[in-house]
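Chemist: Can you keep this structure in mind? I'll have questions shortly.
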Amino acid sequence: MIKTLARSIREYKKAAILTPLLVTVEVILECAIPFVIANLVNEMQAGCSMGVIGQYGLALIAMAVVSLIFGGAAGATCARASAGFARNLRKDMFYKIQDYSFENIDKFSVSSLVTRLTTDITNVQMAFMMIIRIAIRCPLMLVFSFVMGFVMGGRLAMIFLITIPLLSVGLFLVIRAATPLFRSVFRKYDALNDSVQENVQAMRVVKSYVREDYEKKKFGAAAEDVQKDFTRAERIMAINNPMMQFCVYAGMVFVMSYGSYAVITSKGLDLNVGQMSSMLTYSFQILMSLMMLSMVFVMITMAQESAERIVEVLSEKSTLTSPENAITEVKDGSVDFDNVSFKYSKKAERMALADINLHIKSGEVIGILGDTGSSKSSLIQLIPRLYDVTEGSVKVGGVDVRKYDLETLRNQVAVVLQKNVLFSGTIKDNLRWGNPNATDAEMEEACRLAQADEFIQLFPDKYDTWIEQGGTNVSGGQKQRLCIARALLKKPKILILDDSTSAVDTRTDALIRKGFREFIPETTKIIIAQRVASVQDADRIIVMSGGRISAIGTHDELMKTSQVYRETYETQNRAGGDKDAE
């Protein structure tokens, strides 16, 4: 785990190494100051001149200033190293997630990934900051003060041999009790974020059904669950502070009482006033170092579970990768399914697709119909290799998709998904997802084909109109047409529309299909639809049921041979044909 996280330090390694070195000098000077003060006290007790006092004073000021400079420098390098480490860690996680296949993403919930990229990384950042500074400073301060305490106080320093083991045992017991609670609370954080994400995304539905109170109660229950676990964990960790305070003050009381007794009874021979004053300082430094060290352990305890969750993301390997010597050119848009069966998980009991044999020629227009749950979307997701087949093979351009370079394959297969997504930015920014180098003329042509240019021209800023995140300031039909235009800009060999015209009227739908036939005749077009009118003029129509192909043919052929198709057609025509069967 540490080795995996350490890879994200990279260019901040120098700052991470420099911080402990600067801290070491700071600690040495801080531990030397009480020693000099003790000598000053002894000189004053012996009746030294003002000149001697002045020399000691200047030496103490110089030591304090140099210690301050090194401490400030350590703080600056520590901040740079920890913030840089967190930046790299977020970048590495985000880049890793981008390489995930759908199967990998299915393993983690979106809310869990968000928690790992935010809360978990913040915890690890804080722990890293403490490790390279406080976790170095405190042990050094402890060791130097311990040694100097024995040098200055002799037997009086024996108190440290009692308090240090006592505090160590107490700290160990506290951490052991709190760790399982911290592990539990981060899992509940995921559930809390999941509730927030679901509620925000479905805000229109929540308000439509007047379910605000229900959602508030659901969120409140999740928040209370997190609060209870955190309260229990913090209650246990809170024992650490009074335990430390007790040892600090007990040690100081012992040093003061026993030290005063030793000074008086020995008349300064065994222990003088200067030594006693330094002992008080060293005892305070030792016990404060232990308190700070306990805080480091508390932070590390919290961060340990976060670190494991981060490493889980970084260590996850994509189930889909480009092979060695991958093919980097797609010959044409032909598609072949040979004895294909597919299930989303190895643990799944039932195949989502079974015994699929389908051969599509380059340039064909293929329509796919089927009831909800018939695995229409599952079928087309195998073409750009968003998932790999469980059995059989899928070929594009006569080559198994598993032999292609993934980027090459997906650049030649444009998919307009059922859930259309637009990103915050201008219309041009969104269109250039299809082709970053697209000219204004190319974008306008793609939008005309997708029947989007007409409504874009009505906007005051036309193609420079700002699209809000998720496309909330455009209608469903407008969003679909923009997504189709974006896909067309890829100039793919295969264009897949996954129920992507459901929000447009039949006239616009027909115009879009007409544009496809006239302007991209060589592109293979696969259209998944709920209404027959959207695929009626396709070269062939595939009827799916229960993850299998139940019939293939033209509209006229299926009207004669497929009862399912005929019933769907007649039902929709009786309903007027314009209704969306979703």
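Identifiers in the structure tokens: chain A, B, ... in order shown; residue index from 1 per chain; ligand index from 1 in order shown.
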Enumerate the residues of segment 426-561 of chain A with a DSSP assignment of helix (DSSP H, G or I), computed from the backbone, and present them as an MDAnalysis selection string.

Modeler: chainID A and resid 427:431 440:449 453:456 462:464 469:471 476:488 506:519 532:534 555:561

Chemist: Once you have the residues from the selection above, write them out as a PDB file, in the first residue's frame, restricted to C-alpha atoms.

Modeler:
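As written to disk, selection.pdb reads:
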```
ATOM      1  CA  ILE A 427     -22.318  24.036 -28.262  1.00  0.00           C
ATOM      2  CA  LYS A 428     -19.074  24.094 -30.233  1.00  0.00           C
ATOM      3  CA  ASP A 429     -17.168  22.644 -27.251  1.00  0.00           C
ATOM      4  CA  ASN A 430     -19.647  19.783 -27.043  1.00  0.00           C
ATOM      5  CA  LEU A 431     -19.606  19.107 -30.782  1.00  0.00           C
ATOM      6  CA  ASP A 440     -17.215  25.605 -38.173  1.00  0.00           C
ATOM      7  CA  ALA A 441     -18.448  24.423 -41.587  1.00  0.00           C
ATOM      8  CA  GLU A 442     -18.115  20.755 -40.596  1.00  0.00           C
ATOM      9  CA  MET A 443     -20.009  21.363 -37.358  1.00  0.00           C
ATOM     10  CA  GLU A 444     -22.813  23.153 -39.158  1.00  0.00           C
ATOM     11  CA  GLU A 445     -23.084  20.328 -41.709  1.00  0.00           C
ATOM     12  CA  ALA A 446     -23.268  17.696 -38.948  1.00  0.00           C
ATOM     13  CA  CYS A 447     -25.948  19.720 -37.173  1.00  0.00           C
ATOM     14  CA  ARG A 448     -27.973  20.064 -40.372  1.00  0.00           C
ATOM     15  CA  LEU A 449     -27.848  16.277 -40.807  1.00  0.00           C
ATOM     16  CA  ASP A 453     -28.953  23.613 -36.957  1.00  0.00           C
ATOM     17  CA  GLU A 454     -32.490  24.986 -37.125  1.00  0.00           C
ATOM     18  CA  PHE A 455     -32.925  25.452 -33.360  1.00  0.00           C
ATOM     19  CA  ILE A 456     -29.260  26.467 -32.825  1.00  0.00           C
ATOM     20  CA  LYS A 462     -25.929  30.417 -31.985  1.00  0.00           C
ATOM     21  CA  TYR A 463     -23.052  27.878 -31.846  1.00  0.00           C
ATOM     22  CA  ASP A 464     -21.408  29.813 -28.993  1.00  0.00           C
ATOM     23  CA  GLN A 469     -23.769  20.847 -17.005  1.00  0.00           C
ATOM     24  CA  GLY A 470     -25.828  17.890 -18.191  1.00  0.00           C
ATOM     25  CA  GLY A 471     -27.555  20.038 -20.835  1.00  0.00           C
ATOM     26  CA  GLY A 476     -34.601  16.435 -24.464  1.00  0.00           C
ATOM     27  CA  GLY A 477     -35.066  16.464 -28.239  1.00  0.00           C
ATOM     28  CA  GLN A 478     -32.479  19.210 -28.708  1.00  0.00           C
ATOM     29  CA  LYS A 479     -30.043  17.311 -26.526  1.00  0.00           C
ATOM     30  CA  GLN A 480     -30.529  14.148 -28.601  1.00  0.00           C
ATOM     31  CA  ARG A 481     -29.914  15.991 -31.869  1.00  0.00           C
ATOM     32  CA  LEU A 482     -26.743  17.636 -30.547  1.00  0.00           C
ATOM     33  CA  CYS A 483     -25.454  14.231 -29.442  1.00  0.00           C
ATOM     34  CA  ILE A 484     -26.188  12.781 -32.908  1.00  0.00           C
ATOM     35  CA  ALA A 485     -24.315  15.698 -34.538  1.00  0.00           C
ATOM     36  CA  ARG A 486     -21.401  15.102 -32.177  1.00  0.00           C
ATOM     37  CA  ALA A 487     -21.257  11.444 -33.224  1.00  0.00           C
ATOM     38  CA  LEU A 488     -21.415  12.340 -36.928  1.00  0.00           C
ATOM     39  CA  THR A 506     -41.649  11.444 -36.279  1.00  0.00           C
ATOM     40  CA  ARG A 507     -41.072  14.107 -38.941  1.00  0.00           C
ATOM     41  CA  THR A 508     -37.687  15.113 -37.474  1.00  0.00           C
ATOM     42  CA  ASP A 509     -36.852  11.440 -36.974  1.00  0.00           C
ATOM     43  CA  ALA A 510     -37.547  10.768 -40.644  1.00  0.00           C
ATOM     44  CA  LEU A 511     -35.441  13.761 -41.738  1.00  0.00           C
ATOM     45  CA  ILE A 512     -32.523  12.542 -39.641  1.00  0.00           C
ATOM     46  CA  ARG A 513     -32.696   9.070 -41.226  1.00  0.00           C
ATOM     47  CA  LYS A 514     -32.991  10.608 -44.691  1.00  0.00           C
ATOM     48  CA  GLY A 515     -29.858  12.662 -44.025  1.00  0.00           C
ATOM     49  CA  PHE A 516     -27.997   9.533 -42.976  1.00  0.00           C
ATOM     50  CA  ARG A 517     -28.894   7.732 -46.222  1.00  0.00           C
ATOM     51  CA  GLU A 518     -27.901  10.632 -48.467  1.00  0.00           C
ATOM     52  CA  PHE A 519     -24.768  11.954 -46.789  1.00  0.00           C
ATOM     53  CA  VAL A 532     -41.568   0.832 -35.604  1.00  0.00           C
ATOM     54  CA  ALA A 533     -41.643   4.055 -37.658  1.00  0.00           C
ATOM     55  CA  SER A 534     -38.005   4.723 -36.714  1.00  0.00           C
ATOM     56  CA  HIS A 555     -40.647  -4.614 -42.664  1.00  0.00           C
ATOM     57  CA  ASP A 556     -42.793  -6.475 -45.194  1.00  0.00           C
ATOM     58  CA  GLU A 557     -41.184  -9.832 -44.369  1.00  0.00           C
ATOM     59  CA  LEU A 558     -41.608  -9.399 -40.636  1.00  0.00           C
ATOM     60  CA  MET A 559     -45.242  -8.363 -41.025  1.00  0.00           C
ATOM     61  CA  LYS A 560     -45.801 -11.825 -42.479  1.00  0.00           C
ATOM     62  CA  THR A 561     -43.430 -13.944 -40.349  1.00  0.00           C
TER      63      THR A 561
END
```

Chemist: So how many Å separate atom CA of Thr231 of chain A and atom CA of Leu113 of chain A, to one decimal?

Modeler: 24.4 Å

Chemist: Go ahead and compute the interatomic distance for atom CA of Leu386 of chain A and atom CA of Asn193 of chain A, in Å to one decimal.

Modeler: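 According to the coordinates, atom CA of Leu386 of chain A and atom CA of Asn193 of chain A are separated by 26.7 Å.
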
Chemist: With only C-alpha atoms as the basis for distance, which of A:Leu166, A:Glu30, A:Ile360, A:Ala222 is at the shortest distance from Val66 of chain A?

Modeler: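 Selected residue with least distance to Val66 of chain A: A:Glu30.
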
Chemist: If you run DSSP on the backbone, which residues of segment 264-495 of chain A are strand (DSSP E), as a ChimeraX atom specification?

Modeler: /A:335-342,353-360,365-370,391-396,399-400,413-416,425-426,466-467,494-495

Chemist: Given only C-alpha atoms as the basis, pick out the residue of A:Leu29, A:Ile368, A:Leu495, A:Val226 nearest to Ala529 of chain A.

Modeler: A:Ile368
